[in-house]
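start_8.txt (compact mmCIF, C-alpha atoms) appears below.
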# COMPACT_ATOMS: atom_id res chain seq x y z
CA MET A 3 0.00 0.00 0.00
CA VAL A 4 2.95 2.32 0.59
CA LEU A 5 3.88 1.89 -3.05
CA VAL A 6 0.35 2.91 -4.09
CA VAL A 7 0.55 6.06 -1.96
CA VAL A 8 3.96 6.92 -3.39
CA PHE A 9 2.65 6.41 -6.93
CA GLY A 10 -0.38 8.64 -6.24
CA VAL A 11 1.77 11.43 -4.83
CA ALA A 12 4.23 11.16 -7.72
CA LEU A 13 1.36 11.21 -10.22
CA LEU A 14 -0.15 14.32 -8.59
CA VAL A 15 3.19 16.14 -8.64
CA ALA A 16 3.81 15.12 -12.25
CA VAL A 17 0.41 16.39 -13.37
CA LEU A 18 0.81 19.69 -11.50
CA LEU A 19 4.24 20.22 -13.05
CA SER A 20 3.38 18.91 -16.51
CA GLY A 21 2.73 22.38 -17.90
CA LEU A 22 6.14 23.55 -16.75
CA ALA A 23 7.75 20.33 -17.98
CA ALA A 24 6.27 20.85 -21.45
CA ARG A 25 8.13 24.16 -21.79
CA THR A 26 11.41 23.35 -20.06
CA VAL A 27 13.99 20.60 -19.65
CA LEU A 28 12.04 19.29 -16.66
CA SER A 29 10.70 15.82 -17.45
CA THR A 30 7.76 13.99 -15.90
CA SER A 31 9.53 10.72 -16.69
CA PHE A 32 12.54 11.94 -14.74
CA LEU A 33 10.30 12.84 -11.78
CA PHE A 34 9.02 9.27 -11.49
CA LEU A 35 12.51 7.86 -11.89
CA VAL A 36 13.86 10.09 -9.11
CA GLY A 37 10.76 9.50 -6.98
CA GLY A 38 11.25 5.75 -7.12
CA ALA A 39 14.93 6.11 -6.21
CA LEU A 40 14.19 8.38 -3.25
CA VAL A 41 11.67 6.05 -1.59
CA SER A 42 13.74 2.90 -2.15
CA ASP A 43 16.11 1.14 0.22
CA GLY A 44 18.96 3.26 -1.06
CA PHE A 45 17.52 6.46 0.46
CA LEU A 46 14.30 6.74 2.53
CA GLY A 47 13.58 3.01 2.69
CA LEU A 48 9.79 3.36 2.31
CA ILE A 49 9.50 0.56 -0.23
CA HIS A 50 11.59 -2.58 -0.63
CA ILE A 51 12.03 -3.69 -4.23
CA THR A 52 14.76 -5.87 -5.69
CA PRO A 53 15.37 -6.89 -9.32
CA GLU A 54 13.94 -10.31 -8.42
CA SER A 55 10.63 -8.81 -7.19
CA GLU A 56 7.70 -9.89 -9.35
CA ILE A 57 6.32 -6.35 -9.46
CA VAL A 58 9.40 -5.22 -11.41
CA SER A 59 8.95 -7.63 -14.30
CA VAL A 60 5.15 -7.29 -14.32
CA THR A 61 5.06 -3.49 -14.46
CA ALA A 62 7.79 -3.29 -17.11
CA ASP A 63 6.04 -5.96 -19.18
CA LEU A 64 2.64 -4.25 -18.96
CA ALA A 65 4.12 -0.83 -19.74
CA LEU A 66 5.93 -2.08 -22.83
CA PHE A 67 2.81 -3.90 -24.07
CA ALA A 68 0.59 -0.84 -23.54
CA VAL A 69 3.03 1.55 -25.20
CA LEU A 70 3.52 -0.72 -28.23
CA PHE A 71 -0.24 -1.26 -28.59
CA THR A 72 -0.93 2.47 -28.72
CA ASP A 73 2.15 3.08 -30.89
CA GLY A 74 0.86 0.57 -33.41
CA MET A 75 -2.42 2.44 -33.67
CA HIS A 76 -0.51 5.54 -34.75
CA VAL A 77 1.11 3.84 -37.72
CA ALA A 78 -0.90 4.40 -40.88
CA LEU A 79 -0.18 1.35 -43.05
CA PRO A 80 -0.78 3.05 -46.43
CA LYS A 81 1.59 5.87 -45.53
CA LEU A 82 4.12 3.42 -44.12
CA ARG A 83 4.15 1.53 -47.40
CA SER A 84 5.06 4.72 -49.23
CA ASN A 85 7.69 5.82 -46.68
CA TRP A 86 9.31 2.58 -45.56
CA LYS A 87 12.88 3.14 -46.75
CA ASN A 88 14.17 5.29 -43.88
CA PRO A 89 12.77 3.09 -41.07
CA ALA A 90 14.06 0.03 -42.97
CA ARG A 91 17.55 1.55 -43.08
CA ALA A 92 17.46 2.29 -39.35
CA LEU A 93 16.30 -1.24 -38.54
CA GLY A 94 18.30 -3.15 -41.13
CA LEU A 95 21.62 -1.32 -40.79
CA GLY A 96 21.55 1.14 -37.88
CA MET A 97 20.29 -1.34 -35.29
CA PRO A 98 22.82 -4.12 -36.13
CA LEU A 99 25.66 -1.56 -36.12
CA ALA A 100 24.63 -0.29 -32.67
CA PHE A 101 24.40 -3.88 -31.47
CA LEU A 102 27.90 -4.68 -32.77
CA PHE A 103 29.55 -1.48 -31.52
CA MET A 104 28.01 -1.87 -28.05
CA ALA A 105 29.24 -5.46 -27.84
CA LEU A 106 32.81 -4.38 -28.71
CA VAL A 107 32.76 -1.56 -26.16
CA THR A 108 31.30 -3.82 -23.46
CA HIS A 109 33.90 -6.53 -24.01
CA TYR A 110 36.96 -4.29 -24.04
CA LEU A 111 35.92 -1.70 -21.44
CA VAL A 112 33.84 -3.75 -19.01
CA GLY A 113 35.57 -7.09 -19.40
CA LEU A 114 32.53 -9.27 -20.02
CA ASP A 115 32.97 -12.37 -22.16
CA TRP A 116 32.04 -12.13 -25.83
CA THR A 117 28.66 -13.84 -25.56
CA THR A 118 27.53 -11.68 -22.63
CA SER A 119 28.89 -8.58 -24.36
CA PHE A 120 26.79 -9.30 -27.44
CA LEU A 121 23.86 -9.95 -25.11
CA VAL A 122 24.26 -6.48 -23.59
CA GLY A 123 24.39 -5.06 -27.11
CA ALA A 124 21.13 -6.79 -28.00
CA VAL A 125 19.41 -5.64 -24.78
CA LEU A 126 20.37 -2.00 -25.40
CA ALA A 127 19.63 -2.05 -29.15
CA PRO A 128 15.88 -1.20 -28.89
CA THR A 129 14.87 2.45 -28.62
CA ASP A 130 11.83 4.08 -27.03
CA PRO A 131 9.99 7.21 -28.31
CA VAL A 132 8.31 7.79 -24.94
CA PHE A 133 11.33 9.68 -23.62
CA ALA A 134 11.43 11.95 -26.66
CA SER A 135 7.73 12.79 -26.75
CA ALA A 136 8.29 16.44 -27.67
CA ILE A 137 9.83 15.23 -30.93
CA VAL A 138 7.53 12.39 -32.00
CA GLY A 139 4.44 14.05 -30.53
CA ARG A 140 4.51 17.38 -32.38
CA ALA A 141 2.74 17.75 -35.67
CA GLU A 142 5.06 20.63 -36.57
CA VAL A 143 8.14 18.40 -36.49
CA PRO A 144 8.76 16.98 -39.99
CA ALA A 145 6.64 13.89 -40.61
CA LYS A 146 9.55 11.86 -42.01
CA LEU A 147 11.50 12.37 -38.80
CA ARG A 148 8.56 11.48 -36.57
CA GLN A 149 7.73 8.41 -38.61
CA LEU A 150 11.35 7.26 -38.64
CA LEU A 151 11.69 7.42 -34.85
CA ASN A 152 8.28 5.99 -34.09
CA VAL A 153 8.31 3.06 -36.51
CA GLU A 154 11.91 2.21 -35.66
CA SER A 155 11.22 2.13 -31.93
CA GLY A 156 7.98 0.22 -32.38
CA ILE A 157 9.50 -2.61 -34.40
CA ASN A 158 13.01 -2.93 -32.97
CA ASP A 159 11.68 -4.29 -29.64
CA GLY A 160 10.37 -7.41 -31.35
CA LEU A 161 13.48 -7.76 -33.52
CA ALA A 162 15.81 -7.66 -30.52
CA LEU A 163 13.91 -10.21 -28.42
CA PRO A 164 14.85 -13.40 -30.33
CA VAL A 165 18.50 -12.33 -30.34
CA VAL A 166 18.35 -11.73 -26.58
CA LEU A 167 16.81 -15.15 -25.94
CA LEU A 168 19.31 -16.96 -28.15
CA LEU A 169 22.28 -15.23 -26.52
CA ILE A 170 20.96 -16.00 -23.02
CA ALA A 171 20.82 -19.65 -24.01
CA ALA A 172 24.36 -19.47 -25.43
CA ALA A 173 25.83 -17.53 -22.49
CA GLY A 174 25.75 -20.47 -20.08
CA PRO A 175 23.72 -23.37 -18.69
CA THR A 176 20.29 -22.21 -17.56
CA ALA A 177 17.08 -23.95 -16.64
CA ASP A 178 15.45 -22.84 -19.88
CA SER A 179 18.35 -23.39 -22.27
CA ALA A 180 16.82 -26.44 -23.90
CA GLU A 181 13.63 -24.55 -24.72
CA ALA A 182 15.33 -21.45 -26.05
CA SER A 183 16.09 -22.95 -29.46
CA GLY A 184 15.88 -21.00 -32.67
CA SER A 185 12.76 -22.85 -33.79
CA ALA A 186 10.98 -22.15 -30.50
CA ILE A 187 11.80 -18.45 -30.69
CA ALA A 188 10.66 -18.28 -34.32
CA LEU A 189 7.39 -19.93 -33.29
CA GLU A 190 6.89 -17.37 -30.50
CA LEU A 191 7.37 -14.50 -32.96
CA LEU A 192 5.07 -16.10 -35.52
CA LEU A 193 2.36 -16.69 -32.93
CA GLY A 194 2.65 -13.10 -31.73
CA LEU A 195 2.21 -11.80 -35.26
CA VAL A 196 -0.71 -14.14 -35.96
CA PHE A 197 -2.48 -13.24 -32.72
CA GLY A 198 -1.82 -9.55 -33.26
CA VAL A 199 -3.39 -9.54 -36.70
CA THR A 200 -6.13 -12.15 -36.26
CA LEU A 201 -7.72 -10.96 -33.01
CA PRO A 202 -8.50 -7.38 -34.19
CA LEU A 203 -9.94 -8.81 -37.43
CA LEU A 204 -12.12 -11.20 -35.44
CA VAL A 205 -13.35 -8.46 -33.09
CA ASN A 206 -14.06 -6.14 -36.03
CA GLY A 207 -16.04 -8.89 -37.71
CA LEU A 208 -18.12 -9.44 -34.57
CA VAL A 209 -18.92 -5.75 -34.32
CA ARG A 210 -20.35 -5.80 -37.84
CA PHE A 211 -22.91 -8.47 -37.05
CA ARG A 212 -26.42 -7.07 -37.26
CA LEU A 213 -27.36 -7.94 -33.67
CA LEU A 214 -24.03 -6.84 -32.20
CA GLY A 215 -22.27 -3.50 -31.83
CA ALA A 216 -20.96 -1.13 -29.20
CA GLU A 217 -22.88 1.93 -28.08
CA PRO A 218 -20.86 5.16 -28.25
CA LYS A 219 -20.00 5.49 -24.55
CA LEU A 220 -18.67 1.91 -24.43
CA GLN A 221 -16.91 1.93 -27.80
CA PRO A 222 -13.50 2.95 -26.30
CA LEU A 223 -13.58 -0.26 -24.26
CA LEU A 224 -13.63 -2.45 -27.38
CA PRO A 225 -9.91 -1.98 -28.23
CA LEU A 226 -9.14 -2.21 -24.50
CA ALA A 227 -10.87 -5.60 -24.29
CA THR A 228 -8.98 -6.69 -27.40
CA GLY A 229 -5.68 -5.69 -25.83
CA ILE A 230 -6.44 -7.48 -22.54
CA ILE A 231 -7.39 -10.71 -24.32
CA LEU A 232 -4.30 -10.45 -26.52
CA TYR A 233 -1.99 -9.91 -23.55
CA ALA A 234 -3.40 -12.93 -21.71
CA ALA A 235 -3.38 -15.13 -24.81
CA CYS A 236 0.27 -14.34 -25.52
CA HIS A 237 1.39 -15.18 -22.01
CA LEU A 238 -0.66 -18.38 -21.91
CA THR A 239 0.77 -19.61 -25.23
CA HIS A 240 4.26 -18.06 -24.90
CA ALA A 241 3.66 -16.00 -28.04
CA ASN A 242 5.71 -12.81 -28.34
CA PRO A 243 3.47 -10.20 -26.63
CA TYR A 244 5.40 -7.17 -27.91
CA LEU A 245 5.22 -8.03 -31.60
CA ALA A 246 1.57 -8.96 -31.00
CA ALA A 247 0.84 -5.62 -29.33
CA PHE A 248 2.35 -3.49 -32.09
CA SER A 249 0.81 -5.51 -34.93
CA ALA A 250 -2.60 -5.54 -33.18
CA GLY A 251 -2.58 -1.77 -32.78
CA ALA A 252 -1.69 -1.28 -36.44
CA ALA A 253 -4.27 -3.85 -37.61
CA LEU A 254 -7.04 -2.38 -35.45
CA ALA A 255 -6.38 1.14 -36.69
CA HIS A 256 -6.39 -0.11 -40.29
CA VAL A 257 -9.63 -2.13 -40.19
CA SER A 258 -11.51 0.14 -37.78
CA PRO A 259 -10.45 3.80 -37.86
CA GLU A 260 -13.48 4.73 -35.75
CA ALA A 261 -12.30 2.37 -32.99
CA LYS A 262 -8.89 3.99 -33.04
CA ILE A 263 -10.38 7.48 -32.74
CA SER A 264 -12.67 6.52 -29.86
CA PHE A 265 -9.94 4.63 -27.99
CA GLU A 266 -7.15 7.15 -28.48
CA PRO A 267 -7.73 9.33 -25.37
CA LEU A 268 -8.25 6.32 -23.10
CA GLY A 269 -5.37 4.40 -24.64
CA GLU A 270 -2.90 7.25 -24.29
CA ALA A 271 -3.92 7.78 -20.65
CA LEU A 272 -3.54 4.08 -19.82
CA ALA A 273 -0.16 3.91 -21.57
CA GLU A 274 1.02 6.93 -19.59
CA LEU A 275 -0.09 5.37 -16.31
CA ALA A 276 1.66 2.10 -17.12
CA LYS A 277 4.78 4.01 -18.14
CA PHE A 278 4.85 6.04 -14.94
CA ALA A 279 4.32 2.96 -12.77
CA ALA A 280 7.17 1.15 -14.51
CA LEU A 281 9.45 4.17 -14.13
CA LEU A 282 8.66 4.42 -10.42
CA VAL A 283 9.43 0.74 -9.86
CA PHE A 284 12.55 0.87 -12.01
CA GLY A 285 13.71 3.96 -10.13
CA ALA A 286 13.49 1.97 -6.90
CA LEU A 287 16.20 -0.33 -8.27
CA LEU A 288 18.60 2.58 -8.80
CA THR A 289 20.32 2.43 -5.44
CA PRO A 290 23.75 3.90 -4.63
CA GLN A 291 25.04 0.34 -4.40
CA LEU A 292 24.01 -0.38 -8.00
CA PHE A 293 25.83 2.70 -9.28
CA GLY A 294 28.81 1.84 -7.10
CA ASP A 295 29.00 -1.68 -8.54
CA LEU A 296 29.67 -0.36 -12.05
CA SER A 297 33.33 0.03 -12.92
CA PHE A 298 34.94 3.10 -14.45
CA GLY A 299 35.04 1.26 -17.77
CA GLY A 300 31.34 0.60 -17.41
CA TYR A 301 30.59 4.32 -17.08
CA VAL A 302 32.70 5.03 -20.15
CA ALA A 303 30.71 2.38 -22.02
CA VAL A 304 27.43 3.97 -20.91
CA ILE A 305 28.49 7.41 -22.12
CA LEU A 306 29.70 6.01 -25.43
CA ALA A 307 26.43 4.12 -25.88
CA ILE A 308 24.43 7.34 -25.58
CA VAL A 309 26.60 9.99 -27.24
CA LEU A 310 28.49 7.99 -29.86
CA ILE A 311 27.27 4.47 -30.63
CA ARG A 312 23.61 5.22 -31.33
CA PRO A 313 24.28 8.52 -33.19
CA ALA A 314 27.06 7.07 -35.34
CA SER A 315 25.10 3.92 -36.18
CA LEU A 316 22.00 5.78 -37.32
CA LEU A 317 23.93 8.44 -39.24
CA ILE A 318 25.71 5.70 -41.17
CA SER A 319 22.39 4.01 -41.95
CA LEU A 320 20.91 7.29 -43.25
CA LEU A 321 23.75 8.13 -45.64
CA GLY A 322 22.36 8.97 -49.06
CA THR A 323 18.79 9.65 -47.90
CA THR A 324 16.84 12.82 -48.59
CA ILE A 325 16.40 13.65 -44.91
CA SER A 326 17.93 17.02 -44.05
CA ARG A 327 21.11 17.26 -42.02
CA LYS A 328 19.25 18.69 -39.02
CA GLU A 329 16.70 15.88 -39.07
CA LYS A 330 19.45 13.25 -39.33
CA LEU A 331 21.22 14.69 -36.29
CA VAL A 332 18.01 14.78 -34.27
CA ALA A 333 17.11 11.21 -35.25
CA ALA A 334 20.64 10.09 -34.39
CA TRP A 335 20.51 11.64 -30.93
CA PHE A 336 17.07 10.36 -29.97
CA GLY A 337 17.70 6.69 -29.42
CA PRO A 338 16.64 6.48 -25.77
CA LYS A 339 16.69 3.15 -23.97
CA GLY A 340 13.30 2.34 -22.48
CA PHE A 341 10.94 -0.37 -21.35
CA ALA A 342 12.09 -3.03 -23.79
CA SER A 343 15.63 -2.76 -22.45
CA VAL A 344 14.28 -2.90 -18.88
CA VAL A 345 12.32 -6.09 -19.62
CA TYR A 346 15.19 -7.72 -21.51
CA GLY A 347 17.67 -6.69 -18.81
CA LEU A 348 15.47 -8.42 -16.22
CA LEU A 349 15.40 -11.54 -18.41
CA VAL A 350 19.19 -11.53 -18.33
CA LEU A 351 19.30 -11.06 -14.55
CA GLN A 352 16.82 -13.85 -13.93
CA SER A 353 18.49 -16.24 -16.38
CA GLY A 354 21.25 -17.29 -14.01
CA ILE A 355 24.05 -16.98 -16.58
CA PRO A 356 27.55 -16.48 -15.09
CA GLN A 357 27.82 -12.70 -15.63
CA ALA A 358 24.13 -11.84 -15.29
CA GLU A 359 24.52 -9.32 -12.44
CA GLU A 360 27.35 -7.43 -14.14
CA ALA A 361 25.37 -7.25 -17.38
CA PHE A 362 22.21 -6.04 -15.62
CA THR A 363 24.11 -3.34 -13.71
CA LEU A 364 25.52 -1.97 -16.95
CA VAL A 365 22.11 -2.09 -18.63
CA ALA A 366 20.29 -0.44 -15.69
CA VAL A 367 22.77 2.45 -15.42
CA CYS A 368 22.67 2.98 -19.20
CA ILE A 369 18.85 3.13 -19.16
CA ALA A 370 18.85 5.62 -16.27
CA PHE A 371 21.38 7.90 -17.96
CA SER A 372 19.50 7.64 -21.26
CA ILE A 373 16.17 8.60 -19.70
CA ILE A 374 17.76 11.63 -18.05
CA ALA A 375 19.63 12.72 -21.18
CA HIS A 376 16.87 12.25 -23.74
CA SER A 377 13.76 13.22 -21.78
CA SER A 378 15.43 16.48 -20.72
CA THR A 379 16.58 17.49 -24.21
CA ASP A 380 13.53 16.78 -26.36
CA VAL A 381 11.86 20.16 -25.71
CA PRO A 382 14.94 22.33 -26.43
CA ILE A 383 15.76 20.37 -29.58
CA ALA A 384 12.14 20.48 -30.75
CA ARG A 385 12.33 24.28 -30.57
CA ALA A 386 14.97 24.12 -33.29
CA PHE A 387 12.12 23.36 -35.66
CA ASP A 388 10.52 26.72 -34.75
CA VAL A 389 7.69 25.09 -32.81
CA ASP A 390 5.87 27.51 -30.54
CA ALA A 391 2.70 25.68 -29.54
CA LEU A 392 3.38 22.79 -27.19
CA ILE A 393 1.23 19.72 -27.28
CA GLY A 394 -1.55 19.92 -24.74
CA ILE A 395 -0.67 23.54 -23.85
CA PRO A 396 -2.82 26.21 -25.58
CA ASP A 397 -1.00 29.04 -27.30
CA LYS A 398 -0.87 32.22 -25.16
CA ASP A 399 -2.10 34.32 -28.07
CA GLN A 400 -4.98 31.92 -28.72
CA PRO A 401 -6.21 30.78 -25.31
CA ASN A 402 -9.36 29.23 -26.75
CA ALA A 403 -7.60 27.36 -29.51
CA VAL A 404 -7.85 23.60 -29.51
CA PRO A 405 -4.36 22.20 -28.83
CA PRO A 406 -2.88 19.51 -31.04
CA LYS A 407 -3.55 15.95 -30.06
CA GLU A 408 -1.11 14.76 -27.41
CA GLY A 409 0.70 11.51 -27.95
CA ARG A 410 3.17 9.85 -30.20
CA LEU A 411 3.29 9.89 -33.95
CA ASP A 412 0.09 10.49 -35.87
CA THR A 413 0.86 9.67 -39.49
CA ARG A 414 -2.35 11.24 -40.72
CA THR A 415 -0.55 14.60 -40.83
What does this structure look like when you write it as structure tokens?
Amino acid sequence: MVLVVVFGVALLVAVLLSGLAARTVLSTSFLFLVGGALVSDGFLGLIHITPESEIVSVTADLALFAVLFTDGMHVALPKLRSNWKNPARALGLGMPLAFLFMALVTHYLVGLDWTTSFLVGAVLAPTDPVFASAIVGRAEVPAKLRQLLNVESGINDGLALPVVLLLIAAAGPTADSAEASGSAIALELLLGLVFGVTLPLLVNGLVRFRLLGAEPKLQPLLPLATGIILYAACHLTHANPYLAAFSAGAALAHVSPEAKISFEPLGEALAELAKFAALLVFGALLTPQLFGDLSFGGYVAVILAIVLIRPASLLISLLGTTISRKEKLVAAWFGPKGFASVVYGLLVLQSGIPQAEEAFTLVAVCIAFSIIAHSSTDVPIARAFDVDALIGIPDKDQPNAVPPKEGRLDTRT
């Protein structure tokens, strides 16, 4: 119950300061991260959470599922088909380069064996647009840039997962090694994709029956029910829930635009709540002992991961594209590590491989530094695009104007 009270207080403070945060480097994400750290065993000792606590994996898993489900609903498939080249470059070249460079840095600076070093690279390869919301959530920011960041971050979670599972199996003897074969992982991904596409089609077909249909006030609950069933089905069958969530959101928005429009406010609010809860719990893991356990080489690796590896990898992948130099630099910088890396890092910790704790410490510190760096720079960098009206904050000169829709990428613009 103490955790519930702490979450409520943190949520109240975040809401009250959200207007200020939208105009400054102050970040609501950072507030929850710091709040979790302050009430943990490392400081005030109000809550007692360890990486092995079930609440850690559950909240991170739910947050990632919710964020990917709502992200998928913002991807317009027709527009994606006509603008697929840049996201494909980022995923097909930029992501593997970041994975490789991070593995090299981890091995030589941190001293982890090669398999665990590549595992760290795979865990930190996914990116998260949540911590750069002022970029991907502004209609005034060029659509190509927003689409690149949003599609890349939505898909790379699912791409990294099979690599993470295979490397965990290869890193040492674990209880689940026998099951983590390539064929089993491929089946999990296939099931996730099938569930993600089939369930929205089935629900949409049911709605169109003459005797069935949702009344307007309950219509937002239809996608919510779909998401809940999908989440449970994936965990019961071991299907990949993250690929399922993203594909289900995209499929639902494609076959039922009215469902997307009705669900959007509720979906964004639920995703925000899940995100804040996960940040609070993750912040509770950031104790002084954890930061003290990371070596000097580990801190160098973290800094390189944020300021060099991600930017260099994406810039290389975007060579020869029509994106402007400014947009390339912004896209290169905004590769924040988020909930996927948290979930995959916990998988590593709980796997029992020889260097699991060292790998998790490096991953956790890198995520914390990334959240701080990226969520506190999105507003200043967004202003470089001459954006005056902030999402959700009415313009001072037009107090009665309807603000742009808050959230991540809307490819209808």
Once you add 5 Å to each side, what are the centre and edge lengths of the axis-aligned box holding all listed atoms of segment 88-101 of chain A? One decimal in Å, as lines of an AutoDock Vina configuration file, if you can.
center_x = 19.2
center_y = 0.6
center_z = -37.7
size_x = 22.9
size_y = 19.4
size_z = 22.4
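Atom CA of Thr118 of chain A lies 6.1 Å from atom CA of Ala173 of chain A.
Nearest residue to Ala100 of chain A, choosing from A:Ala65, A:Val257, A:Ala334, A:Ala186 and counting all atoms listed in the file: A:Ala334.
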**Asked** Residues around (17.2, 5.5, -16.6), cut-off 9 Å, counting only C-alpha atoms - what are they as a PyMOL selection string?
**Response** chain A and resi 32+35+281+284-285+288+339-340+366-375
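The space separating atom CA of Pro128 of chain A from atom CA of Leu169 of chain A comes to 15.6 Å.
Pairwise distance (atom CA of Ala261 of chain A, atom CA of Pro222 of chain A) equals 6.8 Å.
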**Message:** Considering only C-alpha atoms, can you say which of A:Glu56, A:Asp73, A:Glu329, A:Asp295 comes closest to Glu270 of chain A?
**Reply:** A:Asp73
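The shell of residues at most 12 Å from Gly44 of chain A, with all atoms listed in the file counted and near chain neighbours (fewer than 5 positions) removed, consists of Val36, Gly37, Gly38, Ala39, Ile49, His50, Ile51, Thr52, Gly285, Ala286, Leu287, Leu288, Thr289, Pro290, Gln291, Leu292, Phe293 and Gly294 of chain A.
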Write to file, as an mmCIF file, in the frame of the given file, the residues of the selection just made, with C-alpha atoms.
data_model
loop_
_atom_site.group_PDB
_atom_site.id
_atom_site.type_symbol
_atom_site.label_atom_id
_atom_site.label_comp_id
_atom_site.auth_asym_id
_atom_site.auth_seq_id
_atom_site.Cartn_x
_atom_site.Cartn_y
_atom_site.Cartn_z
ATOM 1 C CA VAL A 36 13.860 10.090 -9.110
ATOM 2 C CA GLY A 37 10.760 9.500 -6.980
ATOM 3 C CA GLY A 38 11.250 5.750 -7.120
ATOM 4 C CA ALA A 39 14.930 6.110 -6.210
ATOM 5 C CA ILE A 49 9.500 0.560 -0.230
ATOM 6 C CA HIS A 50 11.590 -2.580 -0.630
ATOM 7 C CA ILE A 51 12.030 -3.690 -4.230
ATOM 8 C CA THR A 52 14.760 -5.870 -5.690
ATOM 9 C CA GLY A 285 13.710 3.960 -10.130
ATOM 10 C CA ALA A 286 13.490 1.970 -6.900
ATOM 11 C CA LEU A 287 16.200 -0.330 -8.270
ATOM 12 C CA LEU A 288 18.600 2.580 -8.800
ATOM 13 C CA THR A 289 20.320 2.430 -5.440
ATOM 14 C CA PRO A 290 23.750 3.900 -4.630
ATOM 15 C CA GLN A 291 25.040 0.340 -4.400
ATOM 16 C CA LEU A 292 24.010 -0.380 -8.000
ATOM 17 C CA PHE A 293 25.830 2.700 -9.280
ATOM 18 C CA GLY A 294 28.810 1.840 -7.100
#
**Request:** For segment 10-12 of chain A, list every protein, DNA or RNA residue within 9 Å, evaluated using all atoms listed in the file, and leave out those in the same chain fewer than 4 positions away; present the list as a list of chain:residue names.
**Result:** A:Leu5, A:Val6, A:Ala16, A:Val17, A:Leu33, A:Phe34, A:Gly37, A:Gly38, A:Phe278, A:Leu282
**Request:** Tell me, as a PyMOL selection string, which residues lie within 7 Å of Pro202 of chain A, counting only C-alpha atoms; anything in the same chain fewer than 4 positions away does not count.
**Result:** chain A and resi 206+228+250+253-254
**Request:** For Arg91 of chain A, list every protein, DNA or RNA residue within 10 Å, evaluated using all atoms listed in the file, and leave out those in the same chain fewer than 3 positions away; present the list as number ranges by chain.
**Result:** A: 86-88, 94-97, 150, 154, 316, 318-321, 323
**Message:** Let me make sure I understand: among A:Gln221, A:Asn158, A:Thr108, A:Thr324, which one has the smallest atom-to-atom distance to Leu245 of chain A if we use only C-alpha atoms?
**Reply:** A:Asn158
**Prompt:** Which neighbours of Glu54 of chain A fall inside 12 Å, counting only C-alpha atoms, when residues of the same chain fewer than 2 positions from it are skipped, and could you give them as a PyMOL selection string?
**Reply:** chain A and resi 50-52+56-60+284+287+347-354+359+362
Can I get the selection written as a PDB file, in the coordinates of the input, with C-alpha atoms?
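As written to disk, selection15.pdb reads:
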ATOM      1  CA  HIS A  50      11.590  -2.580  -0.630  1.00  0.00           C
ATOM      2  CA  ILE A  51      12.030  -3.690  -4.230  1.00  0.00           C
ATOM      3  CA  THR A  52      14.760  -5.870  -5.690  1.00  0.00           C
ATOM      4  CA  GLU A  56       7.700  -9.890  -9.350  1.00  0.00           C
ATOM      5  CA  ILE A  57       6.320  -6.350  -9.460  1.00  0.00           C
ATOM      6  CA  VAL A  58       9.400  -5.220 -11.410  1.00  0.00           C
ATOM      7  CA  SER A  59       8.950  -7.630 -14.300  1.00  0.00           C
ATOM      8  CA  VAL A  60       5.150  -7.290 -14.320  1.00  0.00           C
ATOM      9  CA  PHE A 284      12.550   0.870 -12.010  1.00  0.00           C
ATOM     10  CA  LEU A 287      16.200  -0.330  -8.270  1.00  0.00           C
ATOM     11  CA  GLY A 347      17.670  -6.690 -18.810  1.00  0.00           C
ATOM     12  CA  LEU A 348      15.470  -8.420 -16.220  1.00  0.00           C
ATOM     13  CA  LEU A 349      15.400 -11.540 -18.410  1.00  0.00           C
ATOM     14  CA  VAL A 350      19.190 -11.530 -18.330  1.00  0.00           C
ATOM     15  CA  LEU A 351      19.300 -11.060 -14.550  1.00  0.00           C
ATOM     16  CA  GLN A 352      16.820 -13.850 -13.930  1.00  0.00           C
ATOM     17  CA  SER A 353      18.490 -16.240 -16.380  1.00  0.00           C
ATOM     18  CA  GLY A 354      21.250 -17.290 -14.010  1.00  0.00           C
ATOM     19  CA  GLU A 359      24.520  -9.320 -12.440  1.00  0.00           C
ATOM     20  CA  PHE A 362      22.210  -6.040 -15.620  1.00  0.00           C
TER      21      PHE A 362
END
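Minimum distance to His109 of chain A across A:Gly215, A:Gly299, A:Pro225, A:Gly337 (counting only C-alpha atoms) occurs at A:Gly299.
Comparing A:Ala172, A:Ala145, A:Pro218, A:Gly269 by their smallest distance to Trp116 of chain A, the closest is A:Ala172 (using all atoms listed in the file).
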**Message:** Which residue is closest to Asn152 of chain A? Choose from A:Lys219, A:His76, A:His256, A:Lys262 and count all atoms listed in the file.
**Reply:** A:His76
